[in-house]
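As structure tokens, the structure follows; a few thoughts come after it.
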Amino acid sequence: PEVPADHRALKQTERHPMTAKLATCSHNGAVFYGAVRDTGVVDLSAAFPQWPDLLSVVKAGALETVLAAAEGKDVSHANGSFRYEIPLQGPEKIVCVGVNFPDRNAEYKDGKDAPDNMSLFVRFPRSFTGNDRPLIRPKVSDKLDYEGEIAIVIGTGGRHIPETDAYDHIAAITLCNEGTLRDWVRHAKFNVTQGKNFDRSGAMGPWLVPFTDRSQLEDVRLVTRVNGEVRQDDRTSRMLFPIPRQIAYISTFTTLVPGDIIVTGTPTGAGARFDPPRYLVPGDVIEVEGEGIGILRNTVEDET
């Protein structure tokens with residue numbers, strides 16, 4: 001369905017202006033990266049043969065260097081002539097934080113307060129697709145659900161990172177629709193891995209926004225719409241486990257490395273929590289919008 005114009009974008013404020021963006025794209029089967037403009041993308045891959053993809057740019061700490069090279073250059077690929085891929089190809093790990101908003105904890109209706117420590121699980125890159133690409137509802141389940149989230153990209157790795165230093169370890173921000181097959185997260189007693197990792201069941205993108213200031217993350221409005229209807233709407237300032245604590249906690253047990261992605265948690269309002277549940281069906285349009293970051297837009301198709 002066409003999304004009403006008044007639902008297309010949150011008003012950008014002076015605190016959260018639209019900023020520089022780098023995307024991974026493909027054209028006629030060739031993958032490249034570049035700077036995103038209103039009319040298209042400026043291909044920057046050829047200018048940096050030492051960095052063949054955005055993951056290598058992140059590892060080199062060179063996001064700003066690459067962006068500077070786009071200044072004064074014309075768009076090389078107009079909108080409609082390329083496809084968005086997930087921004088980082090092949091990160092070492094994607095760690096996701098569950099149940100990270102107050103109302104989300106209440107949705108479980110188990111009478112328990114928010115836990116002292118965060119719930120975590122991992123996803124594989126193959127479980128995501130890019131912006132303006134369909135989420136795939138698999139043959140084995142009709143319970144595909146949406147979860148709008150903000151994701152951060154690690155730029156400086158480490159173990160036992162103090163919360164007070166955590167922001168210094170972030171390179172960039174992106175968006176995630178952490179699509180979930182609800183019945184498959186209950187196939188075993190202790191894990192949710194199966195329901196979180198069906199091929200192309202989630203999405204990430206459309207681009208990376210370089211992280212330069214904590215205001216980009218501390219109180220950001222996050223909204224998810226399905227066919228123009230607002231389903232999720234909250235702010236990062238209400239997270240049970242703020243992003244610095246996520247980085248500190250995760251780095252306690254694993255070494256974070258440049259290019260690792262942390263998906264930081266979804267607000268209340270996922271389809272499974274309605275009565276009856278409102279799962280995604282082919283033809284639906286899902287938009288995840290982060291204030292000052294952009295809009296991640298996807299449709300839904302059935303697996304063939």
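Quick note on naming: the chains in the structure tokens go A, B, ... in the order shown, residues restart at 1 in each chain, and ligands are numbered from 1 in order of appearance.
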
With only C-alpha atoms counted and 10 Å as the cut-off, give the residues of segment 165-230 of chain A in contact with segment 83-96 of chain A, each with its shortest interatomic distance in Å and the pair that gives it, as a Markdown table.
| residue | atom | partner | partner_atom | distance |
| --- | --- | --- | --- | --- |
| A:Thr174 | CA | A:Pro87 | CA | 8.2 |
| A:Leu175 | CA | A:Pro87 | CA | 9.9 |
| A:Cys176 | CA | A:Ile86 | CA | 9.8 |
| A:Glu178 | CA | A:Cys96 | CA | 8.8 |
| A:Lys196 | CA | A:Cys96 | CA | 9.8 |
| A:Ala203 | CA | A:Ile86 | CA | 7.4 |
| A:Met204 | CA | A:Ile86 | CA | 5.5 |
| A:Gly205 | CA | A:Ile86 | CA | 5.7 |
| A:Pro206 | CA | A:Tyr84 | CA | 6.7 |
| A:Trp207 | CA | A:Pro87 | CA | 5.6 |
| A:Leu208 | CA | A:Pro87 | CA | 6.5 |

Can you write out the residues you just picked, keeping N, CA and C atoms, as a short mmCIF file (atom, residue, chain, number, x, y, z; two decimals), in the first residue's frame?
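Output contents, as saved in out-v1.cif:
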data_model
loop_
_atom_site.label_atom_id
_atom_site.label_comp_id
_atom_site.auth_asym_id
_atom_site.auth_seq_id
_atom_site.Cartn_x
_atom_site.Cartn_y
_atom_site.Cartn_z
N THR A 174 22.83 2.94 12.39
CA THR A 174 21.92 2.58 11.31
C THR A 174 20.60 2.13 11.94
N LEU A 175 19.69 1.65 11.11
CA LEU A 175 18.38 1.19 11.57
C LEU A 175 18.20 -0.29 11.28
N CYS A 176 17.32 -0.91 12.03
CA CYS A 176 17.09 -2.34 11.87
C CYS A 176 15.60 -2.66 12.04
N GLU A 178 14.08 -5.86 13.06
CA GLU A 178 14.58 -7.13 13.57
C GLU A 178 13.47 -8.18 13.46
N LYS A 196 14.93 -15.98 14.98
CA LYS A 196 15.57 -14.71 14.69
C LYS A 196 16.50 -14.76 13.48
N ALA A 203 15.68 -6.62 8.21
CA ALA A 203 16.32 -5.65 7.31
C ALA A 203 17.22 -4.73 8.12
N MET A 204 18.22 -4.16 7.42
CA MET A 204 19.13 -3.22 8.06
C MET A 204 19.50 -2.14 7.05
N GLY A 205 19.59 -0.90 7.53
CA GLY A 205 19.95 0.20 6.64
C GLY A 205 19.12 1.44 6.93
N PRO A 206 18.88 2.31 5.90
CA PRO A 206 19.40 2.14 4.55
C PRO A 206 20.90 2.41 4.44
N TRP A 207 21.46 3.13 5.44
CA TRP A 207 22.83 3.63 5.34
C TRP A 207 23.44 3.72 6.72
N LEU A 208 24.71 4.09 6.74
CA LEU A 208 25.39 4.41 7.98
C LEU A 208 25.44 5.92 8.16
#

Within 10 Å of segment 257-263 of chain A, which residues of segment 91-203 of chain A show up? Give each one with its shortest atom-to-atom distance in Å (one decimal) and the two atoms involved, counting only C-alpha atoms, rows by chain then rising residue number, as JSON lines.
{"residue": "A:Pro91", "atom": "CA", "partner": "A:Gly259", "partner_atom": "CA", "distance": 5.5}
{"residue": "A:Glu92", "atom": "CA", "partner": "A:Asp260", "partner_atom": "CA", "distance": 5.9}
{"residue": "A:Lys93", "atom": "CA", "partner": "A:Asp260", "partner_atom": "CA", "distance": 5.3}
{"residue": "A:Ile94", "atom": "CA", "partner": "A:Ile261", "partner_atom": "CA", "distance": 4.8}
{"residue": "A:Val95", "atom": "CA", "partner": "A:Ile262", "partner_atom": "CA", "distance": 4.9}
{"residue": "A:Cys96", "atom": "CA", "partner": "A:Val263", "partner_atom": "CA", "distance": 4.5}
{"residue": "A:Val97", "atom": "CA", "partner": "A:Val263", "partner_atom": "CA", "distance": 6.1}
{"residue": "A:Gly98", "atom": "CA", "partner": "A:Val263", "partner_atom": "CA", "distance": 8.9}
{"residue": "A:Leu120", "atom": "CA", "partner": "A:Val263", "partner_atom": "CA", "distance": 9.7}
{"residue": "A:Phe121", "atom": "CA", "partner": "A:Val263", "partner_atom": "CA", "distance": 9.9}
{"residue": "A:Val122", "atom": "CA", "partner": "A:Ile262", "partner_atom": "CA", "distance": 9.3}
{"residue": "A:Arg123", "atom": "CA", "partner": "A:Val263", "partner_atom": "CA", "distance": 9.6}
{"residue": "A:Gly148", "atom": "CA", "partner": "A:Val263", "partner_atom": "CA", "distance": 9.8}
{"residue": "A:Glu149", "atom": "CA", "partner": "A:Val263", "partner_atom": "CA", "distance": 6.6}
{"residue": "A:Ile150", "atom": "CA", "partner": "A:Val263", "partner_atom": "CA", "distance": 6.2}
{"residue": "A:Ala151", "atom": "CA", "partner": "A:Val263", "partner_atom": "CA", "distance": 4.3}
{"residue": "A:Ile152", "atom": "CA", "partner": "A:Ile262", "partner_atom": "CA", "distance": 5.4}
{"residue": "A:Val153", "atom": "CA", "partner": "A:Ile261", "partner_atom": "CA", "distance": 4.7}
{"residue": "A:Ile154", "atom": "CA", "partner": "A:Pro258", "partner_atom": "CA", "distance": 5.0}
{"residue": "A:Gly155", "atom": "CA", "partner": "A:Pro258", "partner_atom": "CA", "distance": 4.5}
{"residue": "A:Thr156", "atom": "CA", "partner": "A:Pro258", "partner_atom": "CA", "distance": 5.5}
{"residue": "A:Gly157", "atom": "CA", "partner": "A:Val257", "partner_atom": "CA", "distance": 4.1}
{"residue": "A:Gly158", "atom": "CA", "partner": "A:Val257", "partner_atom": "CA", "distance": 6.6}
{"residue": "A:Arg159", "atom": "CA", "partner": "A:Val257", "partner_atom": "CA", "distance": 9.2}
{"residue": "A:His169", "atom": "CA", "partner": "A:Pro258", "partner_atom": "CA", "distance": 8.6}
{"residue": "A:Ile170", "atom": "CA", "partner": "A:Pro258", "partner_atom": "CA", "distance": 8.8}
{"residue": "A:Ala171", "atom": "CA", "partner": "A:Pro258", "partner_atom": "CA", "distance": 8.2}
{"residue": "A:Ala172", "atom": "CA", "partner": "A:Gly259", "partner_atom": "CA", "distance": 9.4}
{"residue": "A:Ile173", "atom": "CA", "partner": "A:Ile261", "partner_atom": "CA", "distance": 9.2}
{"residue": "A:Thr174", "atom": "CA", "partner": "A:Val263", "partner_atom": "CA", "distance": 9.2}
{"residue": "A:Leu175", "atom": "CA", "partner": "A:Val263", "partner_atom": "CA", "distance": 8.4}
{"residue": "A:Cys176", "atom": "CA", "partner": "A:Val263", "partner_atom": "CA", "distance": 7.2}
{"residue": "A:Asn177", "atom": "CA", "partner": "A:Val263", "partner_atom": "CA", "distance": 9.6}
{"residue": "A:Glu178", "atom": "CA", "partner": "A:Val263", "partner_atom": "CA", "distance": 8.3}

Looking at only C-alpha atoms, which of A:Leu44, A:Val285, A:Ile250, A:Val58 is the one that sits closest to Glu301 of chain A?
A:Val285

Find the distance between atom CA of Pro125 of chain A and atom CA of Thr299 of chain A and write it in Å to one decimal.
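A separation of 18.8 Å between them.
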
Which residues, written as a list in words, have at least one atom at most 12 Å from Asp213 of chain A, with only C-alpha atoms counted and residues fewer than 2 positions away on the same chain left out?
Arg15, His16, Thr19, Tyr167, Asp168, His169, Ile170, Ala171, Ala172, Ile173, Val209, Pro210, Phe211, Ser215, Gln216, Leu217, Glu218, Asp219 and Gly292 of chain A

Would you export the selected residues with C-alpha atoms as a JSON list (two decimals), in the first residue's frame, please?
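Writing the result to out27.json gives the following:
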[["chain", "number", "residue", "atom", "x", "y", "z"],
["A", 15, "ARG", "CA", 19.12, 18.66, 17.63],
["A", 16, "HIS", "CA", 18.71, 15.79, 15.17],
["A", 19, "THR", "CA", 23.48, 14.36, 8.26],
["A", 167, "TYR", "CA", 30.55, 6.36, 23.16],
["A", 168, "ASP", "CA", 34.19, 6.59, 22.08],
["A", 169, "HIS", "CA", 33.87, 3.08, 20.64],
["A", 170, "ILE", "CA", 30.97, 3.83, 18.25],
["A", 171, "ALA", "CA", 31.68, 4.53, 14.58],
["A", 172, "ALA", "CA", 28.20, 4.80, 13.08],
["A", 173, "ILE", "CA", 24.46, 4.35, 13.49],
["A", 209, "VAL", "CA", 25.30, 7.77, 9.74],
["A", 210, "PRO", "CA", 28.74, 8.52, 11.22],
["A", 211, "PHE", "CA", 28.57, 8.93, 14.98],
["A", 215, "SER", "CA", 22.99, 13.53, 21.21],
["A", 216, "GLN", "CA", 22.58, 11.28, 18.17],
["A", 217, "LEU", "CA", 21.66, 8.41, 20.50],
["A", 218, "GLU", "CA", 20.69, 9.62, 23.97],
["A", 219, "ASP", "CA", 17.13, 10.83, 23.33],
["A", 292, "GLY", "CA", 18.10, 12.16, 12.61]]

Filtered DSSP result for segment 190-234 of chain A, state strand (DSSP E), as a list in words:
Gly202, Ala203, Met204, Gly205, Pro206, Trp207, Leu208, Val209, Pro210, Arg221, Leu222, Val223, Thr224, Arg225, Val226, Glu229, Val230, Arg231, Gln232, Asp233 and Asp234 of chain A

With distances taken over only C-alpha atoms, which of A:Leu67, A:Pro115, A:Gly34, A:Asp74 is nearest to Pro102 of chain A?
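Counting only C-alpha atoms, the residue closest to Pro102 of chain A is A:Pro115.
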
Compile the contact shell of Ala46 of chain A as a ChimeraX atom specification: residues with an atom at most 12 Å away, counting only C-alpha atoms, same-chain residues fewer than 2 positions apart removed.
/A:31-34,42-44,48-53,66,69-70,76

Between atom CA of Met118 of chain A and atom CA of Ser141 of chain A, what is the distance, to one decimal in Å?
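Here the two named atoms are 27.9 Å from each other.
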
List every residue of segment 91-288 of chain A that DSSP, applied to the backbone, labels as alpha helix (DSSP H), and write the result as a list in words.
Pro102, Asp103, Arg104, Asn105, Ala106, Ser215, Gln216, Leu217, Glu218, Ile243, Pro244, Arg245, Gln246, Ile247, Ala248, Tyr249, Ile250, Ser251, Thr252 and Phe253 of chain A

Which is closer to Val223 of chain A than all the others in A:Arg297, A:Arg200, A:Arg133, A:His160, using only C-alpha atoms?
A:Arg297

For a quick check of understanding, using only C-alpha atoms, which of A:Ser119, A:Thr24, A:Ser127, A:Thr224 has the smallest distance to Pro267 of chain A?
A:Thr224

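If you measure from each of A:Leu222, A:Val99, A:Val281, A:Leu55 to Gly265 of chain A using only C-alpha atoms, the closest one turns out to be A:Val99.
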
Which residues come within 8 Å of Ile247 of chain A, counting only C-alpha atoms, excluding same-chain residues fewer than 6 positions away, as a ChimeraX atom specification?
/A:161,163,166

Which residue out of A:Asp199, A:Glu229, A:Asp234, A:Glu287 has the minimum interatomic distance to Asp302 of chain A when only C-alpha atoms are used?
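Among the listed residues, A:Asp199 lies closest to Asp302 of chain A.
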
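The neighbours of Gln194 of chain A here are the residues that come within 9 Å of it, using only C-alpha atoms and leaving out any residue fewer than 5 positions away in the same chain; they are A:Leu181, A:Trp184, A:Val185, A:Arg186, A:His187, A:Ala188.
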
Enter the distance from atom CA of Ile295 of chain A to atom CA of Asp132 of chain A, in Å, rounded to one decimal.
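Between these atoms lies a distance of 10.2 Å.
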